[in-house]
There are 2 protein chains.
Amino acid sequence: MARPKLRLIPLGGLGEIGKNMMVMEYQDDIIIIDAGLMFPEEEMLGIDLVIPDISYLLEKREKIRGILVTHGHEDHVGALPYLLPQLNVPVYSTKLTRGLISAKLKERRALSGAKLKLIPPGGKITLGRFRIEFFPVCHSIPDAAGLIISTPVGTIVHSGDFKLDYTPVQGKPTDLSRLAQIGKEGVLLLLSDSTYVGLPGYTPSEKVVGEALNQVIANAPGRVIVATFSSLISRIQQVIDAAAKYQRRVFIVGRSMSNTVRIAMELGYLNAPNGVLGRIDELHRMPRNKTVLIATGSQGEPTSALVRMANRDFRHVHIHEGDTVVISATPIPGNESLVNRAVDNLFKQGAQVLYSDIAQVHVHGHGSQEELKLLLNLVNPKFFVPIHGEYRHLTLHGKLAESMGIPKENIFLLEDGSILELNPQVGRIAGKVTSGNVYVDGLSVGDIGSVVLRNRRMLSRDGIVVVIITINKQTGKLMGRPDIVSRGFVDTRESRDMIEESCELVAKVLDHGGSRPADWSFINNKVRDILNKFYYDQTKRRPMILPFVVKV
Amino acid sequence: MARPKLRLIPLGGLGEIGKNMMVMEYQDDIIIIDAGLMFPEEEMLGIDLVIPDISYLLEKREKIRGILVTHGHEDHVGALPYLLPQLNVPVYSTKLTRGLISAKLKERRALSGAKLKLIPPGGKITLGRFRIEFFPVCHSIPDAAGLIISTPVGTIVHSGDFKLDYTPVQGKPTDLSRLAQIGKEGVLLLLSDSTYVGLPGYTPSEKVVGEALNQVIANAPGRVIVATFSSLISRIQQVIDAAAKYQRRVFIVGRSMSNTVRIAMELGYLNAPNGVLGRIDELHRMPRNKTVLIATGSQGEPTSALVRMANRDFRHVHIHEGDTVVISATPIPGNESLVNRAVDNLFKQGAQVLYSDIAQVHVHGHGSQEELKLLLNLVNPKFFVPIHGEYRHLTLHGKLAESMGIPKENIFLLEDGSILELNPQVGRIAGKVTSGNVYVDGLSVGDIGSVVLRNRRMLSRDGIVVVIITINKQTGKLMGRPDIVSRGFVDTRESRDMIEESCELVAKVLDHGGSRPADWSFINNKVRDILNKFYYDQTKRRPMILPFVVKV
């Protein structure tokens, strides 16, 4: 009989950035690493969030021993409020991560019954046949972990999201000696973060940003407003430290920023000297050059504090000439235009704006090529699976591993849903499970399918034309002229004649002396065809045509 | 009596990238510099193109002496097919620019009657009280020009789009000595390109890219496919040269690429040794490592040759393992996701993909900070107006000029529509004229207003619900149950119960023993309110509600 194999199944995070989720399975034991969400792409119109399809897990619910969460970012924890009620398994994480998960579950009313277990940095836990060690890594949020997983088939190292910052602002550098030790003992498989594999060299330390922020806050003639991710707690700490140093008070602005700061302070991950933090209602009494604001909006989110300030639409805070705005983040792909617009509007109000294109006010949280090579070198795995990245990142990371001597046949470029089967000698891709995107739109999870999205796309391009056709049930005859209403298609006043003409066209086609009731089913298609052609000839647009027959 | 003043009015290009257009007015003479288009931003749903609002010019039509076009890019010439029929004035440009304008007018059936005048590089022309010299500048298209304009008030220098490439692939470097000479003689106003003011240092020469392309084509094991802008003729020349050097044949793929190559060859701006260019139907007979393709699609445009190849949807060309794809362009902001997706799909098909993040396969066509400073230094103007950029670029360029000693009060950050009045001593902003975006959607120019766009946005987010209410004309009574049809709102099968329930809700509210006909007008609002609330409570979505009353 064949020896049992280890199965590795990504349900998210491979081929798209976000909604990270990895399933590990050995006989009757399953563990899950991370349960993240993805923000919708441009063509997912009206969608709020995207989470992984877990049909596969629902079938094997009783085998799942727990979810291991590497850190508290949305793309690693954001799906928990939607998935935990379905899976109801314990969640293991470090302290800050647990605090953030707990707040998130509470917000979505999914906290009661959730089993959130605390693992200290370096802590270990046994789940079925898996023994897992959380080893500390540096990332753009404190308390981030990678995982060393002992399995009956061999040791697996999962990097989490990481970089090698030797002078981090908070916590310790990534634990390289532990990794080296594990590497010496022999590692079957390394799963490693591919997000920034495109960048040569090393990612700069957070310290660089601290120095830049210090300079800005020391020299700014007026108020300083720093916009960043609410999860970037070390950045917030740096701003607080610099403000304290130069006798400025700090005001936290925006709901998500206030929430995270509160949690991080309660748990001891953020420290402010007495009297440095101020309440927003005290702000107007302070001289401008004695204040620093920390706000959300670094991605140009339309409802964020920074964007509302930029649009003169924020009650508490107005931008004045001489203020300095620091955008301490880079735009996530897709957000560039929103961020650019916010920067423009801030400049228009007389602010000096510093952003990552023109000043060293941000570094990202993922390792660049040399760091990824160092990890590969220390861990020295037999098999390699690049994770966390779009397909091009995975490809480049695979090539990087190959260039360091890992045989090509031991490198697996998985896609979401791929099954990788491993024994100590060989790995192979053994099929695919159901996987993909589940859309969250408003209250509902998963009811939005491709039809709804296709319709939204069509509506967004050329609008809709509704045609109401009233027909006598007995005679099958048209009763009066059809009515046509359009939205998002043409200017209804300017195009009144064209719409009139199209009414008459429909009337003429339908009014050929009465159809029998049996013909009604053809009316819809007929009207659709005629109007499609007519409107396209007239306008080169293709609105959605929605005929409706009223029988009286 | 006050001496007449020069008026400078940007109708595009200031505050947004694209649709460049500058109006210069002195007493009874008006000249226009450039007439470009802009590609729609994300929220301009369904819009094809954006051109400047020229209401101001239409009022003063008889004063306009001509349009001067600096170079053949869409953001400088693209509005001509729409505006020339309204203005009917001569257009002055260099040879290649004229060729491209002519092709564009022909395509849009606006060529007949157009007066396209040829100006040789360095050539001069007098239009009313303006005397204009076209001076050669380097840009990412050959035959680009800046303008030296003598006016009764003083000399004005307009940089066009430019960089200072001392080793350009085609044409001559930007004519610095002519600029220095003019600077010595005294310049009233400099208008200078701000697009890349954010970048420190110098923009690399096209030569750097040539070397990279040579290397790639020399060493590629299979076919090489280079995607770039069709207007980037020097890049196309470099690819042809490298292919010829390494005995490969070149195939031009895609309609706009073929058109531009044809025009550029006819006019002598592109040269290929005999036998290097092949016809696409010969491609399949050639060994893969003897071929180079040049294609459109560098912006991830869904219908472009490259994207269709990436999606295995291009009849003539399939990507094989071992092929090399070079994306010789950077994504225009907003196109990042499209480009990323194309790169991912090319990798998936086994191609090696080189793009500007990971290889030196593109340089852009605009000057960086040091080049902009050099221009300011040589021209040494009294007044300065940064042009071609979003507001942050203009601000940064203004600060750059200030740092070089131009007094702050002589630097004008204009917005589209601002009127800058100049005399030899003083400049001031003297009001605003009508300006803005005119949307081209299908055949129509300008009929799409804010209502249509708002409707498209609303439809794109949560779809539409159409409610048909049939009422007896005489009694005012509801005839049967209302009908509800939705598109893009919810999955219609899964949500059948909710839709049913909403039908009954409407019926109940309307069926209170008959309304008098006078009440009909209230029905719409009532139905809208009820359904808005009901659907929001049920789904947290806000579809467009379109009630329609049929009276029989």
# chains A, B, ... in the order shown; residues from 1 in each chain; ligands from 1
>>> interface_residues(of="chain B", to="chain A", cutoff="7 Å", atoms="only C-alpha atoms", output="PyMOL selection string")
chain B and resi 45-46+198+333-334+336-337+343-344+347+357-358+390-392+442-444+447-448+452-453+455-457+459-463+487-491+539-541
>>> select_by_dssp(residues="segment 316-352 of chain B", states="strand (DSSP E)", output="list in words")
Thr324, Val325, Val326, Ile327 and Gln352 of chain B
>>> write_last_selection(atoms="C-alpha atoms", output="PDB file, in the first residue's frame")
ATOM      1  CA  THR B 324      10.003  36.248 -25.149  1.00  0.00           C
ATOM      2  CA  VAL B 325       7.550  39.118 -24.732  1.00  0.00           C
ATOM      3  CA  VAL B 326       8.928  42.607 -24.191  1.00  0.00           C
ATOM      4  CA  ILE B 327       6.487  45.252 -22.947  1.00  0.00           C
ATOM      5  CA  GLN B 352       9.423  34.930 -20.653  1.00  0.00           C
TER       6      GLN B 352
END
>>> residues_around(residues="Gln299 of chain B", least_positions_apart="3", cutoff="9 Å", atoms="only C-alpha atoms", output="PDB file with C-alpha atoms, in the first residue's frame")
ATOM      1  CA  ALA B 227       4.585  45.500 -27.486  1.00  0.00           C
ATOM      2  CA  THR B 228       4.755  49.271 -27.527  1.00  0.00           C
ATOM      3  CA  PHE B 229       2.792  52.409 -28.435  1.00  0.00           C
ATOM      4  CA  THR B 296       0.022  46.996 -29.848  1.00  0.00           C
ATOM      5  CA  PRO B 302      -8.584  44.258 -24.195  1.00  0.00           C
ATOM      6  CA  SER B 304      -5.194  44.682 -28.755  1.00  0.00           C
ATOM      7  CA  ILE B 327       6.487  45.252 -22.947  1.00  0.00           C
ATOM      8  CA  ALA B 329       6.108  50.951 -22.221  1.00  0.00           C
ATOM      9  CA  THR B 330       4.951  51.798 -18.722  1.00  0.00           C
ATOM     10  CA  PRO B 331       1.275  51.590 -17.819  1.00  0.00           C
ATOM     11  CA  ILE B 332      -0.572  54.895 -17.969  1.00  0.00           C
ATOM     12  CA  ASN B 335      -4.138  50.742 -16.789  1.00  0.00           C
ATOM     13  CA  GLU B 336      -1.987  48.875 -14.253  1.00  0.00           C
ATOM     14  CA  LEU B 338      -5.024  45.428 -17.311  1.00  0.00           C
ATOM     15  CA  VAL B 339      -1.297  45.270 -18.011  1.00  0.00           C
TER      16      VAL B 339
END
>>> closest_residue(among="A:Gln474, A:Asn410, A:Asn274, A:Thr195", to="Gly13 of chain A", atoms="only C-alpha atoms")
A:Thr195
>>> closest_residue(among="B:Thr291, B:Ser140, B:Gln86, B:Ser298", to="Val239 of chain B", atoms="only C-alpha atoms")
B:Thr291
>>> closest_residue(among="B:Met404, B:Ile33, B:Ile233, B:Ala310", to="Asn259 of chain B", atoms="only C-alpha atoms")
B:Ile233
>>> residues_around(residues="Ser231 of chain A", least_positions_apart="5", cutoff="7 Å", atoms="only C-alpha atoms", output="VMD selection string")
chain A and resid 73 141 260
>>> atom_distance(atom1="atom CA of Gly389 of chain A", atom2="atom CA of Leu376 of chain A")
17.0 Å
>>> atom_distance(atom1="atom CA of Arg178 of chain A", atom2="atom CA of Ser234 of chain A")
23.9 Å
>>> residues_around(residues="Thr203 of chain B", least_positions_apart="4", cutoff="12 Å", atoms="only C-alpha atoms", output="tab-separated table (two decimals) with C-alpha atoms, in the first residue's frame")
chain	number	residue	atom	x	y	z
B	138	CYS	CA	13.23	65.33	-28.53
B	139	HIS	CA	10.18	63.40	-27.46
B	140	SER	CA	8.92	59.85	-27.80
B	162	PHE	CA	10.15	67.29	-24.50
B	163	LYS	CA	13.19	65.68	-23.04
B	164	LEU	CA	16.89	66.36	-23.61
B	165	ASP	CA	18.15	63.19	-25.23
B	166	TYR	CA	21.70	63.87	-26.45
B	167	THR	CA	21.80	60.53	-28.27
B	168	PRO	CA	18.34	60.19	-29.75
B	195	THR	CA	4.64	65.56	-16.73
B	196	TYR	CA	7.74	64.11	-15.06
B	197	VAL	CA	8.68	66.93	-12.68
B	198	GLY	CA	8.39	64.37	-9.87
B	199	LEU	CA	11.49	62.48	-11.05
B	207	LYS	CA	19.91	54.52	-26.58
B	208	VAL	CA	19.73	52.63	-23.27
B	209	VAL	CA	16.59	50.88	-24.46
B	362	HIS	CA	11.40	51.46	-21.76
B	363	VAL	CA	12.26	55.07	-21.13
B	364	HIS	CA	9.63	57.78	-21.20
B	365	GLY	CA	9.54	60.86	-23.35
B	366	HIS	CA	9.45	63.70	-20.83
B	367	GLY	CA	12.21	65.59	-19.10
B	368	SER	CA	12.99	64.94	-15.43
B	369	GLN	CA	13.89	67.61	-12.87
B	370	GLU	CA	17.41	68.40	-14.09
B	371	GLU	CA	16.22	68.80	-17.67
B	372	LEU	CA	13.41	71.09	-16.61
>>> select_by_dssp(residues="segment 254-334 of chain B", states="helix (DSSP H, G or I)", output="PyMOL selection string")
chain B and resi 255-266+280-285+288-290+305-310
>>> write_last_selection(atoms="N, CA, C and O atoms", output="compact mmCIF listing (two decimals), in the first residue's frame")
# COMPACT_ATOMS: atom_id res chain seq x y z
N ARG B 255 -3.92 46.75 -36.15
CA ARG B 255 -4.32 47.75 -37.13
C ARG B 255 -3.63 49.10 -36.90
O ARG B 255 -3.04 49.67 -37.80
N SER B 256 -3.67 49.60 -35.66
CA SER B 256 -3.13 50.94 -35.45
C SER B 256 -1.61 50.91 -35.61
O SER B 256 -1.00 51.86 -36.11
N MET B 257 -0.98 49.79 -35.22
CA MET B 257 0.46 49.67 -35.41
C MET B 257 0.81 49.67 -36.90
O MET B 257 1.71 50.38 -37.34
N SER B 258 0.06 48.90 -37.68
CA SER B 258 0.32 48.85 -39.13
C SER B 258 0.12 50.22 -39.77
O SER B 258 0.93 50.65 -40.60
N ASN B 259 -0.94 50.90 -39.39
CA ASN B 259 -1.20 52.24 -39.95
C ASN B 259 -0.06 53.20 -39.69
O ASN B 259 0.42 53.87 -40.60
N THR B 260 0.37 53.27 -38.44
CA THR B 260 1.42 54.23 -38.12
C THR B 260 2.71 53.86 -38.82
O THR B 260 3.42 54.73 -39.33
N VAL B 261 3.02 52.58 -38.85
CA VAL B 261 4.26 52.15 -39.50
C VAL B 261 4.21 52.53 -40.99
O VAL B 261 5.18 53.05 -41.55
N ARG B 262 3.06 52.32 -41.61
CA ARG B 262 2.92 52.67 -43.03
C ARG B 262 3.17 54.17 -43.25
O ARG B 262 3.97 54.58 -44.09
N ILE B 263 2.51 55.00 -42.45
CA ILE B 263 2.66 56.45 -42.59
C ILE B 263 4.12 56.86 -42.35
O ILE B 263 4.70 57.63 -43.12
N ALA B 264 4.70 56.31 -41.28
CA ALA B 264 6.07 56.69 -40.94
C ALA B 264 7.05 56.26 -42.03
O ALA B 264 8.01 56.99 -42.34
N MET B 265 6.80 55.11 -42.65
CA MET B 265 7.69 54.67 -43.72
C MET B 265 7.52 55.54 -44.96
O MET B 265 8.50 55.95 -45.59
N GLU B 266 6.27 55.81 -45.32
CA GLU B 266 6.01 56.66 -46.49
C GLU B 266 6.68 58.02 -46.35
O GLU B 266 7.19 58.58 -47.31
N ILE B 280 2.20 38.94 -42.50
CA ILE B 280 1.76 38.08 -41.40
C ILE B 280 1.48 36.65 -41.87
O ILE B 280 1.70 35.69 -41.14
N ASP B 281 1.03 36.50 -43.14
CA ASP B 281 0.74 35.14 -43.61
C ASP B 281 2.01 34.33 -43.90
O ASP B 281 1.95 33.13 -44.15
N GLU B 282 3.17 35.01 -43.86
CA GLU B 282 4.42 34.25 -44.03
C GLU B 282 4.96 33.76 -42.68
O GLU B 282 5.90 32.97 -42.63
N LEU B 283 4.33 34.27 -41.62
CA LEU B 283 4.90 34.05 -40.29
C LEU B 283 5.03 32.57 -39.94
O LEU B 283 6.06 32.13 -39.42
N HIS B 284 3.98 31.80 -40.26
CA HIS B 284 3.98 30.40 -39.80
C HIS B 284 5.05 29.56 -40.51
O HIS B 284 5.37 28.46 -40.08
N ARG B 285 5.59 30.09 -41.61
CA ARG B 285 6.63 29.33 -42.32
C ARG B 285 8.03 29.58 -41.76
O ARG B 285 8.99 28.92 -42.13
N ARG B 288 10.77 29.91 -35.34
CA ARG B 288 10.41 30.89 -34.30
C ARG B 288 11.58 31.80 -33.95
O ARG B 288 11.40 33.00 -33.73
N ASN B 289 12.77 31.25 -33.90
CA ASN B 289 13.91 32.08 -33.48
C ASN B 289 14.43 32.97 -34.61
O ASN B 289 15.50 33.54 -34.51
N LYS B 290 13.68 33.06 -35.69
CA LYS B 290 14.03 33.98 -36.78
C LYS B 290 12.98 35.07 -36.93
O LYS B 290 12.91 35.73 -37.97
N ALA B 305 -3.65 43.33 -30.03
CA ALA B 305 -3.02 42.08 -30.47
C ALA B 305 -2.40 41.34 -29.30
O ALA B 305 -2.64 40.14 -29.11
N LEU B 306 -1.62 42.03 -28.49
CA LEU B 306 -0.91 41.34 -27.41
C LEU B 306 -1.87 40.67 -26.43
O LEU B 306 -1.67 39.51 -26.02
N VAL B 307 -2.92 41.39 -26.05
CA VAL B 307 -3.86 40.83 -25.07
C VAL B 307 -4.59 39.64 -25.67
O VAL B 307 -4.82 38.63 -25.00
N ARG B 308 -4.91 39.73 -26.96
CA ARG B 308 -5.57 38.59 -27.59
C ARG B 308 -4.61 37.39 -27.65
O ARG B 308 -5.01 36.25 -27.42
N MET B 309 -3.33 37.65 -27.91
CA MET B 309 -2.36 36.55 -27.84
C MET B 309 -2.30 35.97 -26.43
O MET B 309 -2.28 34.75 -26.25
N ALA B 310 -2.29 36.85 -25.45
CA ALA B 310 -2.20 36.40 -24.05
C ALA B 310 -3.39 35.52 -23.69
O ALA B 310 -3.27 34.58 -22.92
>>> residues_around(residues="Ser102 of chain A", least_positions_apart="2", cutoff="10 Å", atoms="only C-alpha atoms", output="ChimeraX atom specification")
/A:80-81,96-100,104-107,110-112,114-116,263
>>> closest_residue(among="B:Tyr56, B:Tyr439, B:Phe412, B:Tyr26", to="Phe130 of chain B", atoms="only C-alpha atoms")
B:Tyr26
>>> atom_distance(atom1="atom CA of Ser159 of chain B", atom2="atom CA of Ser192 of chain B")
5.0 Å
>>> residues_around(residues="Lys5 of chain B", least_positions_apart="6", cutoff="10 Å", atoms="only C-alpha atoms", output="PyMOL selection string")
chain B and resi 25-27+152-153+420-424+426-427
>>> write_last_selection(atoms="N, CA and C atoms", output="PDB file, in the first residue's frame")
ATOM      1  N   GLU B  25      -4.164  84.979 -27.203  1.00  0.00           N
ATOM      2  CA  GLU B  25      -5.050  85.983 -27.786  1.00  0.00           C
ATOM      3  C   GLU B  25      -4.405  87.357 -27.624  1.00  0.00           C
ATOM      4  N   TYR B  26      -4.355  88.092 -28.713  1.00  0.00           N
ATOM      5  CA  TYR B  26      -3.877  89.474 -28.630  1.00  0.00           C
ATOM      6  C   TYR B  26      -4.765  90.302 -29.539  1.00  0.00           C
ATOM      7  N   GLN B  27      -5.535  91.201 -28.952  1.00  0.00           N
ATOM      8  CA  GLN B  27      -6.504  91.997 -29.710  1.00  0.00           C
ATOM      9  C   GLN B  27      -7.341  91.095 -30.615  1.00  0.00           C
ATOM     10  N   PRO B 152       3.507  91.057 -29.625  1.00  0.00           N
ATOM     11  CA  PRO B 152       3.755  92.477 -29.354  1.00  0.00           C
ATOM     12  C   PRO B 152       4.135  92.732 -27.898  1.00  0.00           C
ATOM     13  N   VAL B 153       3.872  91.777 -27.025  1.00  0.00           N
ATOM     14  CA  VAL B 153       4.150  91.984 -25.613  1.00  0.00           C
ATOM     15  C   VAL B 153       5.503  91.414 -25.211  1.00  0.00           C
ATOM     16  N   LEU B 420      -4.937  84.231 -18.154  1.00  0.00           N
ATOM     17  CA  LEU B 420      -3.750  84.930 -17.679  1.00  0.00           C
ATOM     18  C   LEU B 420      -3.517  86.137 -18.579  1.00  0.00           C
ATOM     19  N   GLU B 421      -3.532  87.334 -18.016  1.00  0.00           N
ATOM     20  CA  GLU B 421      -3.261  88.556 -18.785  1.00  0.00           C
ATOM     21  C   GLU B 421      -1.841  89.013 -18.525  1.00  0.00           C
ATOM     22  N   LEU B 422      -1.124  89.272 -19.583  1.00  0.00           N
ATOM     23  CA  LEU B 422       0.274  89.677 -19.442  1.00  0.00           C
ATOM     24  C   LEU B 422       0.540  90.982 -20.160  1.00  0.00           C
ATOM     25  N   ASN B 423       1.267  91.870 -19.511  1.00  0.00           N
ATOM     26  CA  ASN B 423       1.944  92.923 -20.258  1.00  0.00           C
ATOM     27  C   ASN B 423       3.433  92.764 -19.951  1.00  0.00           C
ATOM     28  N   PRO B 424       4.294  93.562 -20.519  1.00  0.00           N
ATOM     29  CA  PRO B 424       5.725  93.296 -20.319  1.00  0.00           C
ATOM     30  C   PRO B 424       6.150  93.362 -18.852  1.00  0.00           C
ATOM     31  N   VAL B 426       3.775  93.069 -15.861  1.00  0.00           N
ATOM     32  CA  VAL B 426       2.962  92.376 -14.858  1.00  0.00           C
ATOM     33  C   VAL B 426       2.072  91.317 -15.494  1.00  0.00           C
ATOM     34  N   GLY B 427       1.829  90.273 -14.726  1.00  0.00           N
ATOM     35  CA  GLY B 427       0.841  89.266 -15.133  1.00  0.00           C
ATOM     36  C   GLY B 427      -0.208  89.141 -14.053  1.00  0.00           C
TER      37      GLY B 427
END
